[in-house]
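Read the structure below first, then the notes.
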Amino acid sequence: MTIALTDTLPRIRAELVVLDERFARIAGDEYVECLYDGGRWLEGPAYSPAWRCLIFSDIPNDRMLRWDEVSGHVSVFREPSGYVNGNTIDRTGRLISCSQGDRQVVRTEYDGSRTVLASHLGGRRLNSPNDVVEHSDGSIWFTDPPYGITSNYEGHAAEQELDGCHVYRIAPDGVLTVVADDFTRPNGLAFTLDEQQLYVVDTPGKHIRRFDVDGEKLVGGEVFAPCEAGMFDGIRVDSAGRVWAATHEGVHCFDPDGTLIGKLLLPDVVSNLTFGGPKGNRLFITATTSVWSWLSTAQGAQLGFTDRLS
């Protein structure tokens with residue numbers, strides 16, 4: 001089903017704030033274009049090179065949507081979706097989603113069927129998986145705050161069964177382990193280019209933490225960067241190792257040394273972002289009810305989708 005859009009979607013000037021000369025090297029389109037404006041609270045953008053589309057979540061409306069890169073049309077990808085929040089595309093092109101309502105991490109297979117990757121720990125249900133990334137070894141890492149069980153707005157109100165809100169790792173053989181257990185509500189996460197470190201958003205703490213990846217566990221967790229505009233949500237890393245973070249005023253860009261070097265301001269609270277397009281230099285941004293797009297000289301970290309196809 002194709003969704004009817006408003007006759008004229010807004011287009012705004014790209015308002016860049018340069019705080020450091022390192023951000024001045026980044027340029028792009030003069031305008032940020034709106035691709036969709038009919039959501040309730042949009043999240044989880046994931047770009048599929050194979051499908052030439054952007055998958056994103058409309059959490060309170062319990063659906064996932066699909067923006068087609070060729071036609072520009074938006075259609076329903078899955079409804080109901082299980083109140084899916086975060087999404088990612090794995091290195092073999094499959095969609096991995098955090099189902100807040102079902103309290104599961106699920107993978108959409110090539111034939112459209114779904115495989116549950118994680119749902120319980122020690123016989124107790126997960127809280128409500130929020131955001132997810134894949135490591136090159138095939139393991140899946142995700143955060144599990146309680147947003148999907150605190151009310152019926154983004155899931156189903158329920159009692160929390162686990163002793164906290166943790167960061168988890170699903171091993172390639174399916175074994176689920178806790179890799180960080182000192183968060184109140186962990187949120188967005190992203191690996192560094194060499195995968196030796198993992199950034200994790202601590203939303204109530206209003207900062208991003210950086211952990212060292214020690215095999216199958218995390219160590220450290222010092223503050224990488226504080227948020228100066230509301231709270232952080234989703235994050236992504238580009239091909240230069242810079243961290244792009246969703247905030248209440250737009251997207252903030254951090255150098256790998258933790259310096260806030262620049263901003264892309266937007267009119268709504270930003271929830272998440274991802275890089276996509278044929279060259280990986282199109283920044284897709286979910287911001288409250290809308291999806292925005294900005295073509296730039298920055299390029300997302302390349303995952304190498306054929307690494308494990310042989």
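Starting from 1 in every chain, residues are counted up; chains themselves are A, B, ... following the order of the structure tokens, and ligands are numbered from 1 as listed.
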Compile the contact shell of stretch 215-231 of chain A as number ranges by chain: residues with an atom at most 7 Å away, counting only C-alpha atoms, same-chain residues fewer than 4 positions apart removed.
A: 179-180, 203, 206-211, 247-249, 258
Could you pull the residues within 7 Å of A:Trp67, counting only C-alpha atoms, minus those fewer than 6 positions along the same chain, as a PyMOL selection string?
chain A and resi 53-55+73-75
Selected residues written out, all heavy atoms, as a PDB file, in the first residue's frame:
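What landed in out.pdb:
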```pdb
ATOM      1  N   CYS A  53      16.261   1.255  -0.887  1.00  0.00           N
ATOM      2  CA  CYS A  53      15.191   1.875  -0.108  1.00  0.00           C
ATOM      3  C   CYS A  53      15.648   2.146   1.316  1.00  0.00           C
ATOM      4  O   CYS A  53      16.675   1.640   1.772  1.00  0.00           O
ATOM      5  CB  CYS A  53      13.946   0.989  -0.095  1.00  0.00           C
ATOM      6  SG  CYS A  53      14.092  -0.456   0.978  1.00  0.00           S
ATOM      7  N   LEU A  54      14.851   2.961   2.003  1.00  0.00           N
ATOM      8  CA  LEU A  54      15.050   3.243   3.416  1.00  0.00           C
ATOM      9  C   LEU A  54      13.886   2.621   4.175  1.00  0.00           C
ATOM     10  O   LEU A  54      12.724   2.896   3.886  1.00  0.00           O
ATOM     11  CB  LEU A  54      15.094   4.754   3.666  1.00  0.00           C
ATOM     12  CG  LEU A  54      15.351   5.163   5.125  1.00  0.00           C
ATOM     13  CD1 LEU A  54      16.846   4.997   5.449  1.00  0.00           C
ATOM     14  CD2 LEU A  54      14.912   6.609   5.367  1.00  0.00           C
ATOM     15  N   ILE A  55      14.206   1.782   5.138  1.00  0.00           N
ATOM     16  CA  ILE A  55      13.208   1.233   6.051  1.00  0.00           C
ATOM     17  C   ILE A  55      13.244   2.060   7.327  1.00  0.00           C
ATOM     18  O   ILE A  55      14.313   2.360   7.844  1.00  0.00           O
ATOM     19  CB  ILE A  55      13.502  -0.239   6.385  1.00  0.00           C
ATOM     20  CG1 ILE A  55      13.539  -1.096   5.111  1.00  0.00           C
ATOM     21  CG2 ILE A  55      12.476  -0.787   7.381  1.00  0.00           C
ATOM     22  CD1 ILE A  55      12.220  -1.219   4.414  1.00  0.00           C
ATOM     23  N   HIS A  73       8.366   7.036  -3.560  1.00  0.00           N
ATOM     24  CA  HIS A  73       7.122   6.701  -2.878  1.00  0.00           C
ATOM     25  C   HIS A  73       7.394   6.086  -1.507  1.00  0.00           C
ATOM     26  O   HIS A  73       8.403   5.404  -1.301  1.00  0.00           O
ATOM     27  CB  HIS A  73       6.293   5.725  -3.710  1.00  0.00           C
ATOM     28  CG  HIS A  73       5.763   6.324  -4.980  1.00  0.00           C
ATOM     29  ND1 HIS A  73       5.386   5.563  -6.061  1.00  0.00           N
ATOM     30  CD2 HIS A  73       5.550   7.621  -5.343  1.00  0.00           C
ATOM     31  CE1 HIS A  73       4.958   6.359  -7.033  1.00  0.00           C
ATOM     32  NE2 HIS A  73       5.065   7.613  -6.613  1.00  0.00           N
ATOM     33  N   VAL A  74       6.472   6.305  -0.589  1.00  0.00           N
ATOM     34  CA  VAL A  74       6.516   5.686   0.723  1.00  0.00           C
ATOM     35  C   VAL A  74       5.363   4.695   0.820  1.00  0.00           C
ATOM     36  O   VAL A  74       4.228   5.016   0.465  1.00  0.00           O
ATOM     37  CB  VAL A  74       6.410   6.737   1.850  1.00  0.00           C
ATOM     38  CG1 VAL A  74       6.314   6.055   3.214  1.00  0.00           C
ATOM     39  CG2 VAL A  74       7.605   7.681   1.814  1.00  0.00           C
ATOM     40  N   SER A  75       5.658   3.491   1.274  1.00  0.00           N
ATOM     41  CA  SER A  75       4.636   2.463   1.417  1.00  0.00           C
ATOM     42  C   SER A  75       4.798   1.754   2.757  1.00  0.00           C
ATOM     43  O   SER A  75       5.827   1.888   3.423  1.00  0.00           O
ATOM     44  CB  SER A  75       4.728   1.449   0.270  1.00  0.00           C
ATOM     45  OG  SER A  75       6.005   0.848   0.239  1.00  0.00           O
TER      46      SER A  75
END
```
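Atom pair atom CA of A:Ser119 / atom CA of A:Ala246: separated by 27.2 Å.
Candidate residues A:Gly148, A:Gly262, A:Gly250, A:Gly44 were compared for distance to A:Asp102, and the nearest is A:Gly148, using only C-alpha atoms.
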Strand (DSSP E) call set, DSSP backbone run, stretch 13-144 of chain A, as a ChimeraX atom specification:
/A:13,15-18,31-36,42-48,53-58,63-68,74-78,84-89,95-99,104-108,114-118,120-121,124-125,132-134,140-143
I'd like the contact shell of A:Thr143 - 6 Å cut-off, only C-alpha atoms, skipping same-chain residues fewer than 6 positions apart - returned as JSON, numbers by chain.
{"A": [129, 130, 131, 167, 186, 187]}
Spatial neighbours of A:Gln104, max dist 8 Å, only C-alpha atoms, sep filter under 5 positions, as an MDAnalysis selection string
chainID A and resid 98:99 116:119 126 128:129
Using only C-alpha atoms for the distances, tell me which of A:Ile89, A:Leu273, A:Val201, A:Ala287 is nearest to A:Trp244.
A:Leu273
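Of the residues listed (A:Ile140, A:Ala158, A:Tyr110, A:Glu195), A:Glu195 shows the shortest atom-to-atom separation from A:Asp214; distances use only C-alpha atoms.
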Interatomic distance (Å, one decimal) between atom CA of A:Gly280 and atom CA of A:Ser239
9.3 Å
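Note that atom CA of A:Arg169 and atom CA of A:Leu121 are 11.4 Å apart.
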Shell around A:Glu134 at 10 Å using only C-alpha atoms, local window under 5 positions removed, as a ChimeraX atom specification:
/A:88-91,96,139-142,169-170,190-191,303
Write a file of the selected residues as a compact mmCIF listing (two decimals), in the first residue's frame, keeping all heavy atoms.
```txt
# COMPACT_ATOMS: atom_id res chain seq x y z
N THR A 88 18.66 -2.38 11.56
CA THR A 88 19.93 -2.34 10.86
C THR A 88 19.91 -3.39 9.76
O THR A 88 19.13 -4.35 9.82
CB THR A 88 21.13 -2.58 11.81
OG1 THR A 88 22.34 -2.22 11.15
CG2 THR A 88 21.23 -4.03 12.26
N ILE A 89 20.74 -3.21 8.75
CA ILE A 89 20.90 -4.19 7.68
C ILE A 89 22.20 -4.95 7.94
O ILE A 89 23.26 -4.33 8.09
CB ILE A 89 20.95 -3.52 6.30
CG1 ILE A 89 19.71 -2.65 6.06
CG2 ILE A 89 21.08 -4.58 5.20
CD1 ILE A 89 18.41 -3.39 5.97
N ASP A 90 22.13 -6.28 8.01
CA ASP A 90 23.35 -7.01 8.29
C ASP A 90 24.21 -7.14 7.03
O ASP A 90 23.84 -6.67 5.96
CB ASP A 90 23.05 -8.37 8.95
CG ASP A 90 22.49 -9.42 7.98
OD1 ASP A 90 22.50 -9.20 6.76
OD2 ASP A 90 22.03 -10.47 8.48
N ARG A 91 25.34 -7.77 7.18
CA ARG A 91 26.32 -7.80 6.08
C ARG A 91 25.93 -8.74 4.95
O ARG A 91 26.64 -8.82 3.96
CB ARG A 91 27.70 -8.15 6.65
CG ARG A 91 28.33 -6.96 7.38
CD ARG A 91 29.57 -7.39 8.14
NE ARG A 91 30.30 -6.24 8.65
CZ ARG A 91 29.96 -5.54 9.74
NH1 ARG A 91 28.88 -5.86 10.41
NH2 ARG A 91 30.69 -4.51 10.14
N ILE A 96 17.53 -6.55 10.46
CA ILE A 96 17.45 -6.92 11.87
C ILE A 96 16.74 -5.79 12.61
O ILE A 96 17.09 -4.62 12.45
CB ILE A 96 18.84 -7.17 12.47
CG1 ILE A 96 19.51 -8.34 11.73
CG2 ILE A 96 18.74 -7.47 13.96
CD1 ILE A 96 20.93 -8.60 12.16
N SER A 139 28.20 -11.35 15.25
CA SER A 139 27.46 -11.14 16.49
C SER A 139 26.58 -9.89 16.38
O SER A 139 26.90 -8.96 15.63
CB SER A 139 28.40 -11.02 17.68
OG SER A 139 29.30 -9.93 17.51
N ILE A 140 25.49 -9.88 17.13
CA ILE A 140 24.54 -8.78 17.14
C ILE A 140 24.56 -8.14 18.52
O ILE A 140 24.46 -8.83 19.54
CB ILE A 140 23.11 -9.29 16.83
CG1 ILE A 140 23.08 -10.06 15.51
CG2 ILE A 140 22.13 -8.13 16.81
CD1 ILE A 140 23.49 -9.28 14.30
N TRP A 141 24.68 -6.83 18.57
CA TRP A 141 24.75 -6.10 19.83
C TRP A 141 23.56 -5.15 19.90
O TRP A 141 23.25 -4.45 18.93
CB TRP A 141 26.05 -5.30 19.91
CG TRP A 141 27.29 -6.15 19.76
CD1 TRP A 141 27.64 -6.92 18.69
CD2 TRP A 141 28.36 -6.29 20.70
NE1 TRP A 141 28.85 -7.55 18.90
CE2 TRP A 141 29.32 -7.18 20.13
CE3 TRP A 141 28.61 -5.76 21.97
CZ2 TRP A 141 30.49 -7.55 20.79
CZ3 TRP A 141 29.78 -6.12 22.62
CH2 TRP A 141 30.70 -7.00 22.04
N PHE A 142 22.86 -5.11 21.05
CA PHE A 142 21.68 -4.27 21.15
C PHE A 142 21.49 -3.74 22.56
O PHE A 142 22.05 -4.27 23.53
CB PHE A 142 20.43 -5.03 20.68
CG PHE A 142 19.99 -6.16 21.58
CD1 PHE A 142 19.02 -5.97 22.57
CD2 PHE A 142 20.52 -7.44 21.43
CE1 PHE A 142 18.60 -7.01 23.39
CE2 PHE A 142 20.11 -8.49 22.24
CZ PHE A 142 19.15 -8.27 23.22
N ARG A 169 24.91 -8.89 23.82
CA ARG A 169 25.55 -9.45 22.62
C ARG A 169 24.93 -10.80 22.32
O ARG A 169 24.82 -11.66 23.21
CB ARG A 169 27.05 -9.63 22.84
CG ARG A 169 27.78 -10.28 21.65
CD ARG A 169 29.26 -10.50 22.00
NE ARG A 169 30.03 -11.00 20.86
CZ ARG A 169 30.23 -12.30 20.60
NH1 ARG A 169 29.69 -13.21 21.39
NH2 ARG A 169 30.94 -12.66 19.55
N ILE A 170 24.50 -10.97 21.06
CA ILE A 170 24.03 -12.27 20.59
C ILE A 170 25.16 -12.88 19.78
O ILE A 170 25.54 -12.35 18.73
CB ILE A 170 22.77 -12.15 19.70
CG1 ILE A 170 21.68 -11.33 20.39
CG2 ILE A 170 22.24 -13.53 19.34
CD1 ILE A 170 20.51 -10.99 19.46
N ALA A 190 27.04 2.28 18.30
CA ALA A 190 27.75 2.19 17.03
C ALA A 190 29.20 1.80 17.30
O ALA A 190 29.82 2.28 18.26
CB ALA A 190 27.71 3.53 16.28
N PHE A 191 29.75 0.94 16.44
CA PHE A 191 31.15 0.55 16.55
C PHE A 191 32.05 1.59 15.88
O PHE A 191 31.64 2.27 14.94
CB PHE A 191 31.39 -0.80 15.86
CG PHE A 191 30.92 -1.99 16.64
CD1 PHE A 191 29.78 -2.67 16.25
CD2 PHE A 191 31.62 -2.42 17.75
CE1 PHE A 191 29.33 -3.77 16.95
CE2 PHE A 191 31.18 -3.53 18.47
CZ PHE A 191 30.04 -4.21 18.07
N LEU A 303 30.15 -1.15 5.47
CA LEU A 303 30.04 -2.41 6.17
C LEU A 303 30.56 -3.59 5.37
O LEU A 303 30.91 -4.62 5.93
CB LEU A 303 28.57 -2.67 6.56
CG LEU A 303 27.97 -1.67 7.54
CD1 LEU A 303 26.50 -1.99 7.75
CD2 LEU A 303 28.71 -1.70 8.86
```
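In this comparison, which uses only C-alpha atoms, the residue of A:Val18, A:Leu9, A:Pro267, A:Asn281 approaching A:Cys253 most closely is A:Val18.
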